[in-house]
>>> print(open('protein-v9.cif').read())   # mmCIF, C-alpha atoms
data_protein
loop_
_atom_site.label_atom_id
_atom_site.label_comp_id
_atom_site.auth_asym_id
_atom_site.auth_seq_id
_atom_site.Cartn_x
_atom_site.Cartn_y
_atom_site.Cartn_z
CA MET F 126 0.00 0.00 0.00
CA LYS F 127 2.82 2.38 0.83
CA GLY F 128 4.36 1.61 -2.55
CA VAL F 129 1.10 2.06 -4.46
CA PHE F 130 0.41 5.50 -3.00
CA LYS F 131 4.08 6.51 -2.66
CA PHE F 132 4.00 7.58 1.00
CA LYS F 133 7.69 8.44 1.18
CA GLU F 134 7.61 10.56 -1.97
CA ASN F 135 4.56 12.46 -0.70
CA LYS F 136 5.97 12.82 2.85
CA THR F 137 3.09 11.07 4.59
CA ASN F 138 2.24 7.80 6.37
CA LEU F 139 -0.63 5.35 6.87
CA LYS F 140 -1.96 6.98 10.05
CA LYS F 141 -2.10 10.44 8.47
CA GLU F 142 -3.88 9.16 5.37
CA VAL F 143 -6.52 7.19 7.30
CA THR F 144 -7.13 10.14 9.64
CA ALA F 145 -7.48 12.48 6.66
CA GLY F 146 -9.86 10.03 4.98
CA LEU F 147 -12.10 9.91 8.06
CA THR F 148 -12.01 13.70 8.32
CA SER F 149 -13.05 13.98 4.67
CA PHE F 150 -15.84 11.44 5.23
CA PHE F 151 -17.39 13.32 8.14
CA SER F 152 -17.13 16.62 6.26
CA ILE F 153 -18.95 15.32 3.14
CA ILE F 154 -21.34 12.61 4.38
CA TYR F 155 -24.23 15.10 4.38
CA ILE F 156 -24.24 14.93 0.56
CA ILE F 157 -25.89 11.48 0.64
CA ALA F 158 -29.11 12.79 2.14
CA VAL F 159 -29.00 16.20 0.41
CA ASN F 160 -28.34 14.83 -3.08
CA GLY F 161 -30.95 12.12 -2.62
CA HIS F 162 -33.59 14.74 -1.82
CA ILE F 163 -32.65 16.90 -4.82
CA LEU F 164 -32.72 13.90 -7.17
CA GLN F 165 -36.13 13.03 -5.75
CA ASP F 166 -37.40 16.37 -7.06
CA ALA F 167 -36.38 15.15 -10.53
CA GLY F 168 -38.51 12.02 -10.17
CA ILE F 169 -35.85 9.58 -8.96
CA PRO F 170 -37.09 7.60 -5.92
CA LEU F 171 -35.35 8.79 -2.73
CA GLU F 172 -33.84 5.40 -1.88
CA ALA F 173 -32.58 4.94 -5.45
CA GLY F 174 -31.09 8.44 -5.44
CA ILE F 175 -29.24 7.77 -2.18
CA ILE F 176 -27.85 4.46 -3.50
CA ALA F 177 -26.76 6.13 -6.76
CA THR F 178 -25.07 8.90 -4.77
CA VAL F 179 -23.16 6.37 -2.66
CA PHE F 180 -22.00 4.25 -5.60
CA SER F 181 -20.97 7.25 -7.72
CA SER F 182 -19.05 8.72 -4.76
CA LEU F 183 -17.20 5.43 -4.25
CA VAL F 184 -16.30 5.19 -7.94
CA GLY F 185 -15.22 8.84 -8.09
CA CYS F 186 -12.99 8.54 -5.04
CA LEU F 187 -11.39 5.31 -6.30
CA LEU F 188 -10.74 6.75 -9.76
CA VAL F 189 -8.98 9.86 -8.46
CA ALA F 190 -7.08 7.72 -5.95
CA PHE F 191 -5.59 5.29 -8.44
CA ILE F 192 -5.32 7.53 -11.51
CA ALA F 193 -4.03 10.72 -9.85
CA ASN F 194 -2.98 9.54 -6.37
CA ALA F 195 -4.67 12.66 -5.02
CA PRO F 196 -6.61 13.03 -1.72
CA LEU F 197 -9.73 14.49 -3.32
CA ILE F 198 -13.39 13.99 -2.40
CA ILE F 199 -15.27 13.18 -5.59
CA VAL F 200 -19.04 13.14 -5.04
CA PRO F 201 -22.15 14.50 -6.83
CA GLY F 202 -21.68 18.24 -6.54
CA MET F 203 -23.99 20.86 -5.13
CA GLY F 204 -24.98 23.21 -7.90
CA ILE F 205 -24.68 20.72 -10.69
CA ASN F 206 -27.33 18.56 -9.02
CA ALA F 207 -29.56 21.64 -9.00
CA LEU F 208 -28.79 22.06 -12.71
CA PHE F 209 -29.82 18.44 -13.28
CA THR F 210 -33.10 18.62 -11.37
CA TYR F 211 -34.41 22.14 -11.69
CA THR F 212 -33.10 23.05 -15.17
CA LEU F 213 -32.68 19.87 -17.22
CA VAL F 214 -35.83 18.26 -15.82
CA GLY F 215 -37.73 21.29 -14.52
CA SER F 216 -37.11 23.94 -17.20
CA LEU F 217 -36.02 22.04 -20.31
CA GLY F 218 -38.72 19.40 -19.94
CA LEU F 219 -36.57 16.27 -19.97
CA ASN F 220 -37.53 13.36 -17.74
CA TYR F 221 -34.86 12.06 -15.38
CA MET F 222 -33.86 9.25 -17.77
CA GLU F 223 -33.30 11.70 -20.62
CA ALA F 224 -31.42 13.99 -18.23
CA LEU F 225 -29.18 11.03 -17.30
CA GLY F 226 -28.55 10.61 -21.03
CA ALA F 227 -27.37 14.21 -21.12
CA VAL F 228 -25.12 13.45 -18.13
CA VAL F 229 -23.47 10.57 -20.01
CA LEU F 230 -22.89 12.67 -23.12
CA SER F 231 -21.67 15.72 -21.18
CA GLY F 232 -19.29 13.39 -19.36
CA VAL F 233 -17.92 12.21 -22.71
CA LEU F 234 -17.46 15.82 -23.87
CA PHE F 235 -15.85 16.68 -20.53
CA ALA F 236 -13.46 13.74 -21.01
CA LEU F 237 -12.52 15.03 -24.48
CA VAL F 238 -11.63 18.34 -22.86
CA ALA F 239 -9.78 16.71 -19.95
CA PHE F 240 -7.73 14.38 -22.13
CA SER F 241 -6.67 17.16 -24.52
CA LYS F 242 -5.29 20.69 -24.38
CA LEU F 243 -8.83 22.08 -24.60
CA SER F 244 -9.03 22.35 -20.80
CA VAL F 245 -6.21 24.90 -20.80
CA ILE F 246 -7.57 26.76 -23.84
CA ILE F 247 -11.10 27.01 -22.44
CA SER F 248 -9.89 28.01 -18.99
CA ARG F 249 -7.83 30.87 -20.42
CA SER F 250 -10.39 32.09 -22.96
CA ILE F 251 -13.45 32.39 -20.69
CA PRO F 252 -13.34 35.59 -18.60
CA THR F 253 -12.89 35.19 -14.86
CA SER F 254 -15.90 37.42 -14.21
CA LEU F 255 -18.23 35.02 -16.04
CA LYS F 256 -16.79 31.89 -14.42
CA GLU F 257 -17.10 33.40 -10.94
CA ALA F 258 -20.58 34.75 -11.69
CA ILE F 259 -21.77 31.23 -12.54
CA THR F 260 -20.66 30.00 -9.11
CA VAL F 261 -22.33 32.95 -7.37
CA GLY F 262 -25.54 32.56 -9.39
CA ILE F 263 -25.75 28.86 -8.60
CA GLY F 264 -25.12 29.71 -4.95
CA LEU F 265 -28.06 32.12 -4.91
CA PHE F 266 -30.16 29.47 -6.65
CA ILE F 267 -29.26 26.78 -4.09
CA ALA F 268 -30.03 29.17 -1.22
CA PHE F 269 -33.38 30.01 -2.85
CA ILE F 270 -34.21 26.29 -3.13
CA GLY F 271 -33.28 25.88 0.54
CA LEU F 272 -35.56 28.76 1.53
CA GLN F 273 -38.40 27.16 -0.45
CA LYS F 274 -37.86 23.72 1.09
CA SER F 275 -37.87 25.31 4.55
CA GLY F 276 -41.18 27.08 3.93
CA ILE F 277 -39.59 30.42 4.81
CA VAL F 278 -40.23 31.56 1.23
CA VAL F 279 -43.38 30.50 -0.62
CA GLY F 280 -45.09 31.17 -3.93
CA ASN F 281 -47.16 34.35 -3.99
CA THR F 282 -49.71 35.30 -6.67
CA HIS F 283 -49.06 39.01 -6.15
CA ASN F 284 -45.28 39.22 -5.90
CA PHE F 285 -44.26 35.77 -7.24
CA VAL F 286 -42.59 34.96 -3.90
CA GLY F 287 -43.28 36.02 -0.35
CA LEU F 288 -42.67 35.20 3.29
CA GLY F 289 -44.10 31.89 4.46
CA ASN F 290 -46.24 31.20 7.53
CA LEU F 291 -43.83 31.77 10.42
CA SER F 292 -46.15 29.93 12.82
CA SER F 293 -45.94 26.74 10.77
CA SER F 294 -44.16 23.85 12.46
CA ILE F 295 -42.13 23.29 9.27
CA VAL F 296 -40.88 26.89 9.23
CA ILE F 297 -40.18 26.88 12.97
CA ALA F 298 -38.21 23.62 12.67
CA SER F 299 -36.28 24.99 9.69
CA ILE F 300 -35.34 28.21 11.48
CA ILE F 301 -34.24 26.35 14.63
CA ASN F 302 -32.19 23.94 12.52
CA LEU F 303 -30.67 26.82 10.55
CA ILE F 304 -29.50 28.45 13.80
CA ILE F 305 -28.03 25.15 15.03
CA THR F 306 -26.32 24.45 11.68
CA LEU F 307 -24.90 27.97 11.52
CA PHE F 308 -23.53 27.67 15.05
CA LEU F 309 -21.84 24.32 14.34
CA PHE F 310 -20.44 25.61 11.04
CA LEU F 311 -19.05 28.85 12.46
CA LYS F 312 -17.52 26.99 15.41
CA LYS F 313 -15.86 24.67 12.86
CA VAL F 314 -17.12 21.57 14.65
CA PRO F 315 -15.83 18.47 12.80
CA GLY F 316 -18.66 16.87 10.82
CA ASN F 317 -20.83 19.95 11.42
CA PHE F 318 -23.31 19.28 8.61
CA LEU F 319 -23.71 15.62 9.59
CA ILE F 320 -24.37 16.62 13.21
CA SER F 321 -26.83 19.30 12.11
CA ILE F 322 -28.76 16.75 10.02
CA ILE F 323 -29.05 14.41 13.03
CA ILE F 324 -30.09 17.19 15.42
CA GLY F 325 -32.36 18.71 12.75
CA THR F 326 -34.15 15.41 12.23
CA ILE F 327 -34.70 14.99 15.99
CA THR F 328 -35.91 18.60 16.29
CA SER F 329 -38.32 18.05 13.41
CA TYR F 330 -39.66 14.93 15.14
CA PHE F 331 -40.44 16.79 18.36
CA LEU F 332 -42.19 19.53 16.37
CA GLY F 333 -44.34 16.94 14.61
CA VAL F 334 -42.84 17.39 11.16
CA ILE F 335 -41.88 13.69 10.84
CA ASN F 336 -42.98 10.44 12.47
CA PHE F 337 -40.49 7.77 13.53
CA SER F 338 -43.20 5.12 13.98
CA HIS F 339 -43.12 4.28 10.28
CA ILE F 340 -39.37 3.68 10.11
CA ASP F 341 -38.39 0.66 8.03
CA THR F 342 -35.45 -1.08 9.74
CA SER F 343 -35.16 -3.81 7.11
CA PHE F 344 -31.88 -4.25 5.24
CA ILE F 345 -31.17 -2.17 2.15
CA THR F 346 -33.23 -3.11 -0.91
CA PHE F 347 -32.32 -2.42 -4.53
CA GLU F 348 -35.89 -2.77 -5.80
CA ASN F 349 -36.26 0.90 -6.77
CA TYR F 350 -32.64 1.32 -7.79
CA LYS F 351 -32.76 -1.38 -10.46
CA HIS F 352 -35.16 0.85 -12.42
CA VAL F 353 -32.71 3.78 -12.23
CA PHE F 354 -29.44 1.92 -12.87
CA LEU F 355 -28.54 2.11 -16.61
CA SER F 356 -31.86 3.88 -17.28
CA PHE F 357 -30.26 6.75 -19.24
CA ASP F 358 -32.19 7.61 -22.41
CA LEU F 359 -30.58 9.07 -25.56
CA ARG F 360 -33.70 9.08 -27.74
CA LYS F 361 -33.91 12.89 -27.62
CA PHE F 362 -30.39 13.10 -29.01
CA THR F 363 -31.58 15.14 -32.02
CA THR F 364 -33.60 17.71 -30.05
CA ILE F 365 -32.58 21.23 -29.05
CA PRO F 366 -33.47 20.83 -25.32
CA PHE F 367 -31.24 17.74 -25.06
CA TRP F 368 -28.24 19.50 -26.58
CA THR F 369 -28.90 22.63 -24.53
CA ALA F 370 -28.84 20.43 -21.43
CA THR F 371 -25.67 18.62 -22.54
CA PHE F 372 -23.81 21.78 -23.52
CA SER F 373 -24.66 23.69 -20.34
CA MET F 374 -23.77 20.77 -18.09
CA THR F 375 -20.44 20.31 -19.88
CA LEU F 376 -19.72 24.01 -19.44
CA VAL F 377 -20.38 23.91 -15.70
CA LEU F 378 -18.42 20.66 -15.27
CA VAL F 379 -15.36 22.09 -16.99
CA PHE F 380 -15.41 25.47 -15.22
CA GLU F 381 -16.17 24.13 -11.75
CA ASN F 382 -13.61 21.34 -11.76
CA ILE F 383 -10.80 23.37 -13.33
CA GLY F 384 -11.34 26.08 -10.72
CA LEU F 385 -11.54 23.70 -7.77
CA LEU F 386 -8.53 21.64 -8.83
CA HIS F 387 -6.45 24.77 -9.27
CA SER F 388 -7.16 25.87 -5.70
CA GLN F 389 -6.88 22.39 -4.16
CA VAL F 390 -4.18 20.50 -6.09
CA ASP F 391 -2.03 23.45 -7.16
CA GLY F 392 -2.73 25.66 -4.15
CA MET F 393 -3.30 23.60 -1.00
CA LEU F 394 -1.62 20.32 -2.02
CA LYS F 395 1.14 22.06 -3.99
CA ALA F 396 1.26 19.16 -6.45
CA PRO F 397 0.46 20.61 -9.90
CA GLU F 398 1.64 17.38 -11.53
CA LYS F 399 -1.53 15.72 -10.16
CA ASN F 400 -3.87 18.33 -11.63
CA SER F 401 -4.22 16.94 -15.15
CA LYS F 402 -4.62 13.34 -13.95
CA SER F 403 -7.25 14.42 -11.42
CA LEU F 404 -9.26 16.18 -14.13
CA LYS F 405 -9.15 13.03 -16.28
CA ALA F 406 -10.31 10.87 -13.36
CA ILE F 407 -13.22 13.22 -12.60
CA SER F 408 -14.30 13.26 -16.26
CA ILE F 409 -14.48 9.46 -16.31
CA SER F 410 -16.42 9.57 -13.05
CA ALA F 411 -18.92 12.00 -14.63
CA ILE F 412 -19.69 9.48 -17.38
CA VAL F 413 -20.18 6.70 -14.83
CA CYS F 414 -22.67 8.90 -12.92
CA GLY F 415 -25.04 8.90 -15.87
CA LEU F 416 -24.91 5.09 -15.86
CA LEU F 417 -25.38 4.80 -12.10
CA GLY F 418 -28.32 7.21 -12.04
CA THR F 419 -27.21 10.52 -10.55
CA SER F 420 -25.99 13.99 -11.45
CA PRO F 421 -22.24 14.28 -12.16
CA THR F 422 -19.50 14.15 -9.55
CA VAL F 423 -17.06 17.00 -8.95
CA SER F 424 -14.12 17.71 -6.67
CA THR F 425 -15.79 19.32 -3.67
CA VAL F 426 -14.71 22.22 -1.49
CA GLU F 427 -14.76 19.83 1.49
CA THR F 428 -11.57 18.30 0.05
CA ALA F 429 -9.79 21.07 1.95
CA ALA F 430 -10.71 19.32 5.22
CA GLY F 431 -8.83 16.17 4.26
CA ILE F 432 -5.78 18.01 2.94
CA THR F 433 -5.65 20.15 6.09
CA ALA F 434 -5.78 16.95 8.16
CA GLY F 435 -2.65 15.71 6.39
CA GLY F 436 -4.00 13.84 3.37
CA ARG F 437 -1.47 13.76 0.55
CA THR F 438 -2.22 10.61 -1.46
CA GLY F 439 -5.06 8.63 -2.98
CA LEU F 440 -5.40 6.51 0.16
CA THR F 441 -7.28 9.41 1.72
CA SER F 442 -9.85 9.15 -1.09
CA VAL F 443 -10.03 5.36 -0.76
CA VAL F 444 -10.83 5.64 2.96
CA THR F 445 -13.44 8.34 2.29
CA GLY F 446 -15.13 6.35 -0.47
CA SER F 447 -15.12 3.14 1.59
CA PHE F 448 -16.86 4.78 4.54
CA ILE F 449 -19.41 6.38 2.22
CA LEU F 450 -20.20 2.88 0.94
CA LEU F 451 -20.65 1.62 4.51
CA SER F 452 -23.20 4.40 5.11
CA LEU F 453 -25.68 2.32 3.07
CA PHE F 454 -26.26 0.28 6.24
CA PHE F 455 -27.87 3.42 7.70
CA LEU F 456 -30.20 3.88 4.71
CA PRO F 457 -33.44 3.48 6.73
CA PHE F 458 -32.38 6.41 8.93
CA ILE F 459 -31.07 8.52 6.04
CA LYS F 460 -34.47 8.22 4.35
CA LEU F 461 -36.08 9.78 7.42
CA VAL F 462 -34.17 13.05 7.07
CA PRO F 463 -36.77 15.79 6.33
CA ASN F 464 -36.48 18.93 4.23
CA THR F 465 -36.35 20.93 7.46
CA ALA F 466 -32.93 19.38 8.17
CA ILE F 467 -31.73 19.65 4.55
CA ALA F 468 -32.79 23.25 3.86
CA PRO F 469 -30.37 24.94 6.34
CA ILE F 470 -27.41 23.23 4.67
CA LEU F 471 -28.54 24.43 1.24
CA ILE F 472 -28.89 27.99 2.52
CA ILE F 473 -25.41 27.99 4.10
CA LEU F 474 -23.78 26.36 1.05
CA GLY F 475 -25.40 29.02 -1.12
CA GLY F 476 -23.90 31.68 1.12
CA LEU F 477 -20.46 30.08 0.83
CA MET F 478 -20.64 30.11 -2.97
CA LEU F 479 -21.51 33.81 -2.85
CA THR F 480 -17.99 34.60 -1.60
CA ASN F 481 -16.69 34.17 -5.16
CA ILE F 482 -18.20 37.56 -5.96
CA VAL F 483 -15.04 39.25 -4.64
CA ASN F 484 -13.17 37.91 -7.70
CA ILE F 485 -15.32 39.96 -10.10
CA ASP F 486 -13.99 43.34 -11.20
CA PHE F 487 -16.94 45.66 -10.50
CA ALA F 488 -14.83 48.70 -11.36
CA ASP F 489 -15.11 47.64 -15.02
CA PHE F 490 -18.82 47.71 -15.95
CA THR F 491 -18.16 45.66 -19.10
CA GLU F 492 -17.09 42.84 -16.76
CA ALA F 493 -19.57 43.58 -13.99
CA PHE F 494 -22.81 43.84 -16.00
CA PRO F 495 -22.69 40.43 -17.78
CA ALA F 496 -21.67 38.87 -14.45
CA PHE F 497 -24.59 40.63 -12.76
CA LEU F 498 -26.99 39.22 -15.36
CA ILE F 499 -25.78 35.67 -14.72
CA MET F 500 -26.02 36.05 -10.95
CA ILE F 501 -29.50 37.55 -10.95
CA MET F 502 -31.06 35.59 -13.82
CA ILE F 503 -30.15 32.09 -12.59
CA PRO F 504 -32.42 32.27 -9.51
CA LEU F 505 -35.05 34.54 -11.12
CA THR F 506 -35.53 32.33 -14.19
CA TYR F 507 -35.17 29.20 -12.03
CA SER F 508 -32.78 28.00 -14.71
CA ILE F 509 -28.99 27.82 -14.55
CA VAL F 510 -28.81 27.50 -18.34
CA ASP F 511 -30.90 30.60 -19.05
CA GLY F 512 -29.01 32.64 -16.46
CA ILE F 513 -25.65 31.70 -17.98
CA ALA F 514 -27.00 32.46 -21.45
CA PHE F 515 -27.94 36.07 -20.59
CA GLY F 516 -24.44 36.79 -19.32
CA PHE F 517 -22.60 35.16 -22.21
CA ILE F 518 -24.76 36.94 -24.80
CA ALA F 519 -24.29 40.32 -23.08
CA TYR F 520 -20.52 39.99 -22.68
CA PRO F 521 -19.43 40.46 -26.34
CA LEU F 522 -22.03 43.19 -26.78
CA VAL F 523 -20.74 45.39 -23.97
CA LYS F 524 -17.14 44.84 -25.11
CA LEU F 525 -18.00 45.82 -28.70
CA PHE F 526 -19.97 48.86 -27.53
CA THR F 527 -16.91 50.13 -25.63
CA ASN F 528 -14.33 49.30 -28.32
CA LYS F 529 -12.80 46.53 -26.20
CA HIS F 530 -13.19 43.87 -28.87
CA LYS F 531 -9.55 42.82 -28.45
CA GLN F 532 -10.53 41.33 -25.07
CA LEU F 533 -12.87 38.88 -26.80
CA SER F 534 -11.83 35.34 -27.71
CA LEU F 535 -13.21 33.09 -30.41
CA SER F 536 -14.58 30.78 -27.69
CA ILE F 537 -16.72 33.59 -26.29
CA PHE F 538 -18.24 34.35 -29.69
CA ILE F 539 -18.99 30.67 -30.30
CA ILE F 540 -20.60 30.12 -26.88
CA SER F 541 -22.59 33.37 -27.13
CA PHE F 542 -23.83 32.44 -30.60
CA LEU F 543 -24.92 28.99 -29.42
CA PHE F 544 -26.85 30.46 -26.47
CA LEU F 545 -28.47 33.09 -28.72
CA THR F 546 -29.43 30.42 -31.27
CA ASN F 547 -31.01 28.36 -28.51
CA PHE F 548 -33.15 31.34 -27.42
CA LEU F 549 -34.22 32.02 -31.01
CA LEU F 550 -35.17 28.41 -31.65
CA HIS F 551 -37.21 28.32 -28.44
CA SER F 552 -39.04 31.52 -29.40
CA LEU F 553 -39.85 30.15 -32.86
CA GLY F 554 -40.97 26.83 -31.39
#
>>> encode(input="protein-v9.cif", output="structure tokens")
Amino acid sequence: MKGVFKFKENKTNLKKEVTAGLTSFFSIIYIIAVNGHILQDAGIPLEAGIIATVFSSLVGCLLVAFIANAPLIIVPGMGINALFTYTLVGSLGLNYMEALGAVVLSGVLFALVAFSKLSVIISRSIPTSLKEAITVGIGLFIAFIGLQKSGIVVGNTHNFVGLGNLSSSIVIASIINLIITLFLFLKKVPGNFLISIIIGTITSYFLGVINFSHIDTSFITFENYKHVFLSFDLRKFTTIPFWTATFSMTLVLVFENIGLLHSQVDGMLKAPEKNSKSLKAISISAIVCGLLGTSPTVSTVETAAGITAGGRTGLTSVVTGSFILLSLFFLPFIKLVPNTAIAPILIILGGLMLTNIVNIDFADFTEAFPAFLIMIMIPLTYSIVDGIAFGFIAYPLVKLFTNKHKQLSLSIFIISFLFLTNFLLHSLG
């Protein structure tokens, strides 16, 4: 094992790697319940979504461990799961099987980028303001979804959205759980989100939101999952919505992973030689996700917890993935987790993603305005694709209007044209 993961070369040992793996596990385990609930909104049965999340996380962690020997946490990512459920299925009208088909194809396109020099070309040609705005916009969207699931924000016929019933037991439970989650997070308690889910579920029980009397303590069953596994559907391959879904998901996959790997592998780990291999591993994992029945995996921000704990090799990822697999034995309890325990995590994660706004140059309005459109239109249109489209279409326009055309790349023109064409085709349809 020491030889496989090159402990001596990476200045680490077995104890450090196992400890880092456990730290990573407790920092990311919340994703099993959260992702399962979001996939459920797309029509995937909760139990099947949880199983798919576990299997895809195991595969992702093993791939990055043995291909890149990097201590990364590879699980279905927050933001891209919202893209899958609320845009591909909700806005573009695909069912979850067709959306899984788009995941498979976007994974293939992502792999073509990862295994070629395109990753470098795309990363350099897309303005930082637009890349950061996508993260911020998705963050606002995730927070908005969390507020809806909590009942704090509800649909309103007069103003589209409004304040929910603050005397409702669901809202009260959500607010109490949000305060608890925020306290644990700010105090940097290890496994804070996992602890908040447990406490939030208990709090919800005492407030009458859920009932433990119906708990099913039987062993895990794959009855629902067998209908999701390998259920991806490519029959809408020739339609505009399918390609819009595929293109937008590929775009987010490339931007998010390149950005995260730069900060984690190059920055924290200080091992740039592992960057390219990690990107390749994640791209393969994204393809597998479409087969297993979930939204794509990404390198998560929680990876920082494992690296900080001393993780330097792929063994950290192996330990993390193995413990995620073992969590299936707690499936009956995971299924009990209510929205009132999930919503606070979504709200806080949305707030964390908002911090990327500091990387946008607001002194230059030609950079700020397209970024603003992306950030505001993603939550307001309830579509990540449409929000991104507004920003990418506006960007070349404002640059041309101010004689800054030299700042434009061919990639920007191509992406803008594709988004504009998509809007035109939808309007004609």
>>> atom_distance(input="protein-v9.cif", atom1="atom CA of Ser541 of chain F", atom2="atom CA of Thr363 of chain F")
20.9 Å
>>> atom_distance(input="protein-v9.cif", atom1="atom CA of Asn464 of chain F", atom2="atom CA of Ile449 of chain F")
21.3 Å
>>> atom_distance(input="protein-v9.cif", atom1="atom CA of Thr326 of chain F", atom2="atom CA of Lys274 of chain F")
14.4 Å
>>> closest_residue(input="protein-v9.cif", among="F:Lys524, F:Lys312, F:Lys395, F:His530", to="Phe494 of chain F", atoms="only C-alpha atoms")
F:Lys524
>>> resolve_selection(input="protein-v9.cif", expression="the PyMOL selection byres ((chain F and resi 373-383) around 7)", output="ChimeraX atom specification")
/F:231,234-235,256,369-372,384-387,423-424,510
>>> resolve_selection(input="protein-v9.cif", expression="the PyMOL selection byres ((chain F and resi 150) around 12)", output="number ranges by chain")
F: 143-149, 151-157, 179, 182-183, 186, 196-200, 315-319, 425, 427-431, 434, 441-452
>>> write_last_selection(input="protein-v9.cif", atoms="C-alpha atoms", output="PDB file, in the frame of the given file")
ATOM      1  CA  VAL F 143      -6.520   7.190   7.300  1.00  0.00           C
ATOM      2  CA  THR F 144      -7.130  10.140   9.640  1.00  0.00           C
ATOM      3  CA  ALA F 145      -7.480  12.480   6.660  1.00  0.00           C
ATOM      4  CA  GLY F 146      -9.860  10.030   4.980  1.00  0.00           C
ATOM      5  CA  LEU F 147     -12.100   9.910   8.060  1.00  0.00           C
ATOM      6  CA  THR F 148     -12.010  13.700   8.320  1.00  0.00           C
ATOM      7  CA  SER F 149     -13.050  13.980   4.670  1.00  0.00           C
ATOM      8  CA  PHE F 151     -17.390  13.320   8.140  1.00  0.00           C
ATOM      9  CA  SER F 152     -17.130  16.620   6.260  1.00  0.00           C
ATOM     10  CA  ILE F 153     -18.950  15.320   3.140  1.00  0.00           C
ATOM     11  CA  ILE F 154     -21.340  12.610   4.380  1.00  0.00           C
ATOM     12  CA  TYR F 155     -24.230  15.100   4.380  1.00  0.00           C
ATOM     13  CA  ILE F 156     -24.240  14.930   0.560  1.00  0.00           C
ATOM     14  CA  ILE F 157     -25.890  11.480   0.640  1.00  0.00           C
ATOM     15  CA  VAL F 179     -23.160   6.370  -2.660  1.00  0.00           C
ATOM     16  CA  SER F 182     -19.050   8.720  -4.760  1.00  0.00           C
ATOM     17  CA  LEU F 183     -17.200   5.430  -4.250  1.00  0.00           C
ATOM     18  CA  CYS F 186     -12.990   8.540  -5.040  1.00  0.00           C
ATOM     19  CA  PRO F 196      -6.610  13.030  -1.720  1.00  0.00           C
ATOM     20  CA  LEU F 197      -9.730  14.490  -3.320  1.00  0.00           C
ATOM     21  CA  ILE F 198     -13.390  13.990  -2.400  1.00  0.00           C
ATOM     22  CA  ILE F 199     -15.270  13.180  -5.590  1.00  0.00           C
ATOM     23  CA  VAL F 200     -19.040  13.140  -5.040  1.00  0.00           C
ATOM     24  CA  PRO F 315     -15.830  18.470  12.800  1.00  0.00           C
ATOM     25  CA  GLY F 316     -18.660  16.870  10.820  1.00  0.00           C
ATOM     26  CA  ASN F 317     -20.830  19.950  11.420  1.00  0.00           C
ATOM     27  CA  PHE F 318     -23.310  19.280   8.610  1.00  0.00           C
ATOM     28  CA  LEU F 319     -23.710  15.620   9.590  1.00  0.00           C
ATOM     29  CA  THR F 425     -15.790  19.320  -3.670  1.00  0.00           C
ATOM     30  CA  GLU F 427     -14.760  19.830   1.490  1.00  0.00           C
ATOM     31  CA  THR F 428     -11.570  18.300   0.050  1.00  0.00           C
ATOM     32  CA  ALA F 429      -9.790  21.070   1.950  1.00  0.00           C
ATOM     33  CA  ALA F 430     -10.710  19.320   5.220  1.00  0.00           C
ATOM     34  CA  GLY F 431      -8.830  16.170   4.260  1.00  0.00           C
ATOM     35  CA  ALA F 434      -5.780  16.950   8.160  1.00  0.00           C
ATOM     36  CA  THR F 441      -7.280   9.410   1.720  1.00  0.00           C
ATOM     37  CA  SER F 442      -9.850   9.150  -1.090  1.00  0.00           C
ATOM     38  CA  VAL F 443     -10.030   5.360  -0.760  1.00  0.00           C
ATOM     39  CA  VAL F 444     -10.830   5.640   2.960  1.00  0.00           C
ATOM     40  CA  THR F 445     -13.440   8.340   2.290  1.00  0.00           C
ATOM     41  CA  GLY F 446     -15.130   6.350  -0.470  1.00  0.00           C
ATOM     42  CA  SER F 447     -15.120   3.140   1.590  1.00  0.00           C
ATOM     43  CA  PHE F 448     -16.860   4.780   4.540  1.00  0.00           C
ATOM     44  CA  ILE F 449     -19.410   6.380   2.220  1.00  0.00           C
ATOM     45  CA  LEU F 450     -20.200   2.880   0.940  1.00  0.00           C
ATOM     46  CA  LEU F 451     -20.650   1.620   4.510  1.00  0.00           C
ATOM     47  CA  SER F 452     -23.200   4.400   5.110  1.00  0.00           C
TER      48      SER F 452
END
>>> closest_residue(input="protein-v9.cif", among="F:Thr465, F:Phe458, F:Leu237, F:Leu522", to="Val296 of chain F", atoms="all atoms listed in the file")
F:Thr465
>>> closest_residue(input="protein-v9.cif", among="F:Thr506, F:Asn400, F:Phe490, F:Ala224", to="Ala519 of chain F", atoms="only C-alpha atoms")
F:Phe490
>>> closest_residue(input="protein-v9.cif", among="F:Pro421, F:Gly333, F:Gly202, F:Gly215", to="Leu230 of chain F", atoms="only C-alpha atoms")
F:Pro421
>>> closest_residue(input="protein-v9.cif", among="F:Leu404, F:Leu291, F:Ala493, F:Asn547", to="Val245 of chain F", atoms="all atoms listed in the file")
F:Leu404
>>> resolve_selection(input="protein-v9.cif", expression="the PyMOL selection byres ((chain F and resi 532-538) around 9)", output="ChimeraX atom specification")
/F:246-247,250-252,517-518,520-521,524-525,529-531,539-543
>>> residues_around(input="protein-v9.cif", residues="Ser420 of chain F", least_positions_apart="6", cutoff="12 Å", atoms="only C-alpha atoms", output="VMD selection string")
chain F and resid 160 to 161 163 to 165 167 169 174 to 175 177 to 179 181 to 182 200 to 211 213 to 214 221 to 229 231 to 232 357 374 to 375 378 410 to 414
>>> closest_residue(input="protein-v9.cif", among="F:Leu456, F:Ile499, F:Gly436, F:Phe548", to="Lys140 of chain F", atoms="all atoms listed in the file")
F:Gly436
>>> axis_aligned_box(input="protein-v9.cif", around="segment 398-404 of chain F", padding_each_side="6 Å", output="JSON")
{"center_x": -3.8, "center_y": 15.8, "center_z": -12.7, "size_x": 22.9, "size_y": 17.0, "size_z": 17.0}
